[in-house]
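Text of the file my_file_8.cif, holding mmCIF, C-alpha atoms:
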data_input
loop_
_atom_site.label_atom_id
_atom_site.label_comp_id
_atom_site.auth_asym_id
_atom_site.auth_seq_id
_atom_site.Cartn_x
_atom_site.Cartn_y
_atom_site.Cartn_z
CA GLU A 1 76.42 137.59 56.67
CA GLN A 2 74.95 134.17 55.90
CA GLY A 3 72.03 135.99 54.28
CA ALA A 4 70.84 137.61 57.51
CA LEU A 5 69.88 141.27 57.69
CA ARG A 6 71.77 143.81 59.78
CA PHE A 7 70.44 147.23 60.68
CA GLY A 8 73.21 149.73 60.04
CA ALA A 9 71.39 153.06 59.57
CA SER A 10 73.79 155.38 57.71
CA GLY A 11 76.93 153.61 58.91
CA GLU A 12 78.30 150.28 60.05
CA PRO A 13 76.04 147.99 62.13
CA SER A 14 78.72 147.66 64.80
CA PHE A 15 78.93 151.45 65.18
CA LEU A 16 75.16 151.72 65.53
CA ALA A 17 75.24 148.95 68.14
CA GLY A 18 77.92 150.86 70.03
CA PHE A 19 75.81 154.02 70.10
CA ALA A 20 72.73 152.04 71.16
CA LEU A 21 74.72 150.37 73.94
CA ILE A 22 75.59 153.83 75.28
CA GLY A 23 71.86 154.56 75.11
CA VAL A 24 71.26 151.49 77.27
CA TYR A 25 73.83 152.70 79.79
CA ALA A 26 72.27 156.16 79.90
CA GLY A 27 68.76 154.77 80.26
CA LEU A 28 69.79 152.48 83.09
CA MET A 29 71.47 155.37 84.91
CA GLU A 30 68.29 157.43 84.71
CA ALA A 31 66.18 154.45 85.75
CA VAL A 32 68.36 153.96 88.82
CA ALA A 33 68.46 157.68 89.59
CA ALA A 34 64.73 158.33 89.42
CA ARG A 35 63.01 155.03 88.50
CA ARG A 36 61.44 156.69 85.47
CA GLY A 37 59.31 154.43 83.29
CA GLY A 38 60.43 156.35 80.22
CA ALA A 39 64.04 155.46 80.94
CA VAL A 40 63.20 151.75 80.98
CA LEU A 41 61.35 152.19 77.68
CA ALA A 42 64.42 153.89 76.19
CA VAL A 43 66.55 150.97 77.33
CA GLY A 44 64.17 148.57 75.59
CA VAL A 45 64.27 150.54 72.34
CA ASN A 46 68.07 150.59 72.34
CA ILE A 47 68.27 146.86 73.05
CA ALA A 48 65.95 146.28 70.09
CA ILE A 49 68.28 148.37 67.92
CA ILE A 50 71.28 146.33 69.05
CA LEU A 51 69.38 143.13 68.24
CA LEU A 52 68.66 144.43 64.74
CA THR A 53 72.32 145.28 64.18
CA GLY A 54 73.30 141.69 64.91
CA ALA A 55 76.12 142.73 67.26
CA ARG A 56 76.39 139.88 69.75
CA VAL A 57 78.70 141.19 72.48
CA PRO A 58 76.88 144.54 72.88
CA LEU A 59 73.58 142.64 72.99
CA ALA A 60 74.83 140.27 75.68
CA LEU A 61 76.24 143.11 77.78
CA ALA A 62 73.06 145.16 77.44
CA LEU A 63 70.86 142.23 78.44
CA LEU A 64 73.04 141.28 81.41
CA LEU A 65 73.15 144.81 82.81
CA THR A 66 69.46 145.45 82.21
CA THR A 67 68.36 142.18 83.76
CA GLY A 68 70.57 142.80 86.77
CA ILE A 69 69.12 146.27 87.34
CA LEU A 70 65.55 145.02 86.95
CA ILE A 71 66.21 142.28 89.50
CA VAL A 72 67.76 144.71 91.97
CA GLN A 73 64.86 147.13 91.53
CA ARG A 74 62.35 144.27 91.78
CA ARG A 75 60.54 145.26 88.62
CA ILE A 76 58.64 142.00 88.53
CA LEU A 77 56.19 142.93 85.77
CA THR A 78 58.97 144.11 83.47
CA LEU A 79 60.96 140.95 84.11
CA ALA A 80 57.87 138.86 83.43
CA ALA A 81 57.30 140.71 80.16
CA LEU A 82 60.92 140.11 79.14
CA GLY A 83 60.59 136.43 79.99
CA ALA A 84 57.39 136.15 77.99
CA GLY A 85 59.03 137.91 75.06
CA ALA A 86 62.02 135.58 75.20
CA ALA A 87 59.74 132.54 75.30
CA LEU A 88 57.72 133.83 72.35
CA GLY A 89 60.93 134.48 70.44
CA ALA A 90 62.12 130.93 71.10
CA MET A 91 58.81 129.56 69.84
CA CYS A 92 59.04 131.63 66.66
CA LEU A 93 62.75 131.10 66.10
CA ASN A 94 62.37 129.96 62.50
CA LEU A 95 60.42 133.10 61.66
CA LEU A 96 63.22 135.26 63.08
CA SER A 97 66.04 133.74 61.06
CA PHE A 98 66.36 136.99 59.11
CA LEU A 99 68.02 138.41 62.23
CA ARG A 100 71.78 137.85 62.26
CA VAL A 101 71.90 136.72 65.90
CA VAL A 102 69.19 134.11 65.33
CA ASP A 103 70.73 133.04 62.03
CA LEU A 104 74.11 132.44 63.66
CA VAL A 105 72.50 130.43 66.47
CA GLN A 106 70.70 128.23 63.97
CA LEU A 107 73.93 127.72 62.03
CA GLY A 108 75.83 126.84 65.19
CA GLU A 109 78.07 129.87 64.73
CA ALA A 110 76.91 132.02 67.63
CA THR A 111 80.43 132.04 69.08
CA ASP A 112 82.13 132.60 65.73
CA LEU A 113 84.76 135.36 65.96
CA SER A 114 83.83 137.01 62.64
CA ASN A 115 87.39 136.86 61.26
CA ARG A 116 88.95 138.16 64.47
CA ASN A 117 90.88 134.90 64.64
CA LEU A 118 92.58 135.97 61.40
CA VAL A 119 93.53 139.41 62.72
CA TRP A 120 94.56 138.75 66.31
CA PRO A 121 97.68 136.65 65.58
CA TYR A 122 99.30 139.62 63.81
CA PHE A 123 98.76 141.90 66.79
CA LYS A 124 99.88 139.22 69.23
CA LYS A 125 103.08 138.85 67.22
CA ALA A 126 103.63 142.63 67.24
CA PHE A 127 103.14 142.71 71.00
CA GLU A 128 105.44 139.75 71.58
CA THR A 129 108.26 141.31 69.57
CA SER A 130 108.17 144.50 71.68
CA PRO A 131 106.36 143.55 74.88
CA PHE A 132 107.35 146.43 77.16
CA PHE A 133 106.91 149.66 75.20
CA GLY A 134 105.39 148.53 71.91
CA TRP A 135 106.01 150.06 68.51
CA GLY A 136 104.63 153.55 69.09
CA VAL A 137 101.31 155.34 68.78
CA GLY A 138 99.61 154.53 65.50
CA ALA A 139 101.50 151.30 64.94
CA GLY A 140 98.21 149.44 65.15
CA LYS A 141 97.29 150.84 61.74
CA VAL A 142 100.28 149.24 60.03
CA VAL A 143 100.44 145.86 61.76
CA ILE A 144 98.22 144.71 58.91
CA PRO A 145 98.92 147.00 55.90
CA ASN A 146 95.99 148.42 53.96
CA THR A 147 97.46 146.81 50.87
CA SER A 148 97.59 143.31 52.38
CA ALA A 149 95.60 140.38 51.06
CA LEU A 150 93.98 139.95 54.48
CA ASP A 151 92.68 143.52 54.49
CA ALA A 152 91.24 142.99 51.03
CA LEU A 153 89.65 139.72 52.14
CA ILE A 154 87.94 140.85 55.35
CA GLY A 155 87.69 144.59 54.72
CA THR A 156 89.54 145.79 57.83
CA ASN A 157 92.98 145.96 59.36
CA ALA A 158 91.80 146.98 62.84
CA ALA A 159 92.61 144.79 65.83
CA HIS A 160 89.06 144.44 67.20
CA ASP A 161 90.72 144.03 70.59
CA GLU A 162 91.91 147.17 72.33
CA TYR A 163 94.23 145.26 74.66
CA LEU A 164 96.08 143.81 71.68
CA ARG A 165 96.13 147.15 69.86
CA ILE A 166 97.41 149.09 72.87
CA GLY A 167 99.85 146.26 73.54
CA ALA A 168 101.21 146.56 70.01
CA GLU A 169 101.44 150.36 70.24
CA GLY A 170 102.49 150.88 73.87
CA GLY A 171 103.45 147.46 75.11
CA GLY A 172 102.57 146.11 78.52
CA VAL A 173 103.48 149.46 80.06
CA GLY A 174 100.95 151.20 77.85
CA VAL A 175 98.19 148.74 78.68
CA VAL A 176 98.81 149.06 82.43
CA LEU A 177 99.00 152.86 82.27
CA LEU A 178 95.81 153.19 80.26
CA ALA A 179 93.85 150.74 82.42
CA GLY A 180 95.21 152.29 85.60
CA LEU A 181 94.42 155.87 84.62
CA ILE A 182 90.88 154.99 83.54
CA THR A 183 90.37 153.11 86.81
CA LEU A 184 91.57 156.12 88.82
CA TRP A 185 89.33 158.44 86.82
CA VAL A 186 86.29 156.23 87.36
CA GLY A 187 87.09 155.88 91.05
CA HIS A 188 87.36 159.64 91.45
CA GLY A 189 84.30 160.35 89.32
CA THR A 190 82.02 157.93 91.13
CA GLN A 191 82.98 158.81 94.70
CA HIS A 192 80.45 161.66 94.87
CA LEU A 193 77.60 159.81 93.15
CA PRO A 194 74.81 158.16 95.15
CA ALA A 195 75.80 154.60 96.02
CA ALA A 196 73.50 152.85 93.54
CA GLN A 197 74.55 155.10 90.66
CA ALA A 198 78.21 154.79 91.59
CA TRP A 199 78.07 151.01 91.49
CA LEU A 200 76.19 151.06 88.20
CA MET A 201 78.81 153.34 86.64
CA ARG A 202 81.53 150.96 87.78
CA LEU A 203 79.63 148.06 86.25
CA ILE A 204 79.22 150.06 83.04
CA PHE A 205 82.97 150.60 82.84
CA LEU A 206 83.50 146.91 83.54
CA SER A 207 81.14 146.24 80.64
CA PHE A 208 83.20 148.66 78.53
CA ALA A 209 86.37 146.79 79.50
CA LEU A 210 84.85 143.47 78.45
CA HIS A 211 83.58 144.97 75.20
CA SER A 212 87.09 146.27 74.50
CA ALA A 213 88.37 142.70 74.23
CA THR A 214 86.30 142.11 71.10
CA ASP A 215 85.95 145.51 69.45
CA ASN A 216 87.59 148.84 68.62
CA THR A 217 86.07 150.72 71.53
CA LEU A 218 88.76 153.40 71.84
CA ILE A 219 89.32 154.35 68.21
CA ALA A 220 85.70 154.34 67.02
CA THR A 221 83.42 157.38 67.09
CA THR A 222 81.43 155.72 69.84
CA SER A 223 84.31 156.22 72.29
CA SER A 224 83.96 160.01 72.07
CA VAL A 225 80.26 159.75 72.87
CA PHE A 226 80.83 157.27 75.68
CA PHE A 227 83.49 159.30 77.46
CA LEU A 228 81.55 162.54 76.95
CA TRP A 229 78.50 160.93 78.54
CA ALA A 230 80.54 159.51 81.43
CA SER A 231 82.16 162.91 82.00
CA ALA A 232 78.71 164.52 82.13
CA ILE A 233 77.56 161.97 84.71
CA PHE A 234 80.61 162.63 86.89
CA ALA A 235 80.22 166.40 86.54
CA SER A 236 76.55 166.23 87.52
CA ALA A 237 77.24 164.26 90.71
CA PRO A 238 76.17 167.13 93.05
CA GLU A 239 72.76 167.36 91.35
CA ARG A 240 72.36 163.59 91.39
CA THR A 241 72.75 163.45 95.16
CA ARG A 242 69.61 165.54 95.60
CA PRO A 243 66.32 163.67 96.11
CA ALA A 244 64.25 163.27 92.97
CA PRO A 245 61.19 165.58 92.90
#

Mind turning this structure into structure tokens?
Amino acid sequence: EQGALRFGASGEPSFLAGFALIGVYAGLMEAVAARRGGAVLAVGVNIAIILLTGARVPLALALLLTTGILIVQRRILTLAALGAGAALGAMCLNLLSFLRVVDLVQLGEATDLSNRNLVWPYFKKAFETSPFFGWGVGAGKVVIPNTSALDALIGTNAAHDEYLRIGAEGGGVGVVLLAGLITLWVGHGTQHLPAAQAWLMRLIFLSFALHSATDNTLIATTSSVFFLWASAIFASAPERTRPAP
């Protein structure tokens, strides 16, 4: 996009960013659980991967959560290193224009919706025409047909907003049920975790909820990995309450 490079590995850059964001979550959980230096390093590596993919929302969420945890844990040297790195990056901004995030900032398009503004009206219309119960499971795949000119133009017919997609498929009732059930699951799963880890998991799910407003977080492969990881954290709560060796 705009000539900038995006690291995509063997798939889409956004998918890789999603997996790396889960890596950030996992690293932060381990850092909070045992204050392991290796966990912080893993977080840094995954943030670097997200930066290379050019995915802006995952990058912002990863940086916000990581900075918050570092502040709470009073990791002054790490925060100082991050600040120095940010300052150096700002000084060398022109040299980093090959990165999509930097390129978009320089072009004044950092808040550009990447064609989401073309897709969202269709899903809003579908939701508005059946606001209570939607059009049924899977309807999100036909709101914009694969044969449409828009799909051919932008290369996708996905909503890139799970609230709109669920609204189109299950209506307001579906959105409330899904959000409510996930909230209950998280509340139950975190009640046996140590306090710091419980609050971090809640913040992680809040981050997931925010991310869901701009991406396909529930229908992408990353969702399987995210919920598997979260389930493992909840299941390991008894072990996590024991003091670290």

Inset, instruction - Check the smallest atom-to-atom distance from each of A:Arg74, A:Lys125, A:Arg240, A:Arg6 to A:Val101 using only C-alpha atoms, then report the winner. - result: A:Arg6

Inset, instruction - Kindly give the distance, in Å, that separates atom CA of A:Gly170 and atom CA of A:Val143, rounded to a single decimal. - result: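 Separation of atom CA of A:Gly170 and atom CA of A:Val143: 13.3 Å.
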
Inset, instruction - Have a look at atom CA of A:Ala39 and atom CA of A:His192 and let me know their distance in Å, one decimal. - result: 22.4 Å

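Of the listed residues (A:Gly155, A:Gly140, A:Pro58, A:Gly134), A:Pro58 comes nearest to A:Ser207; the distances count only C-alpha atoms.
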
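Rounded to one decimal, atom CA of A:Phe208 and atom CA of A:Ile233 lie 15.7 Å from each other.
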
Inset, instruction - Could you check which of A:Ala235, A:Ile166, A:Leu177, A:Leu118 is closest to A:Asp151, using only C-alpha atoms? - result: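 Checking each of A:Ala235, A:Ile166, A:Leu177, A:Leu118 against A:Asp151, counting only C-alpha atoms, the winner is A:Leu118.
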
Inset, instruction - Might you pull out every residue within 9 Å of stretch 20-22 of chain A, with only C-alpha atoms counted and same-chain residues fewer than 4 positions away left off, and present them as number ranges by chain? - result: A: 15-16, 26-27, 43, 45-50, 58-59, 61-62, 222, 225-226, 229

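The smallest atom-to-atom distance between A:Val40 and any of A:Ala60, A:Leu70, A:Leu153, A:Leu52, using all atoms listed in the file, is found for A:Leu70.
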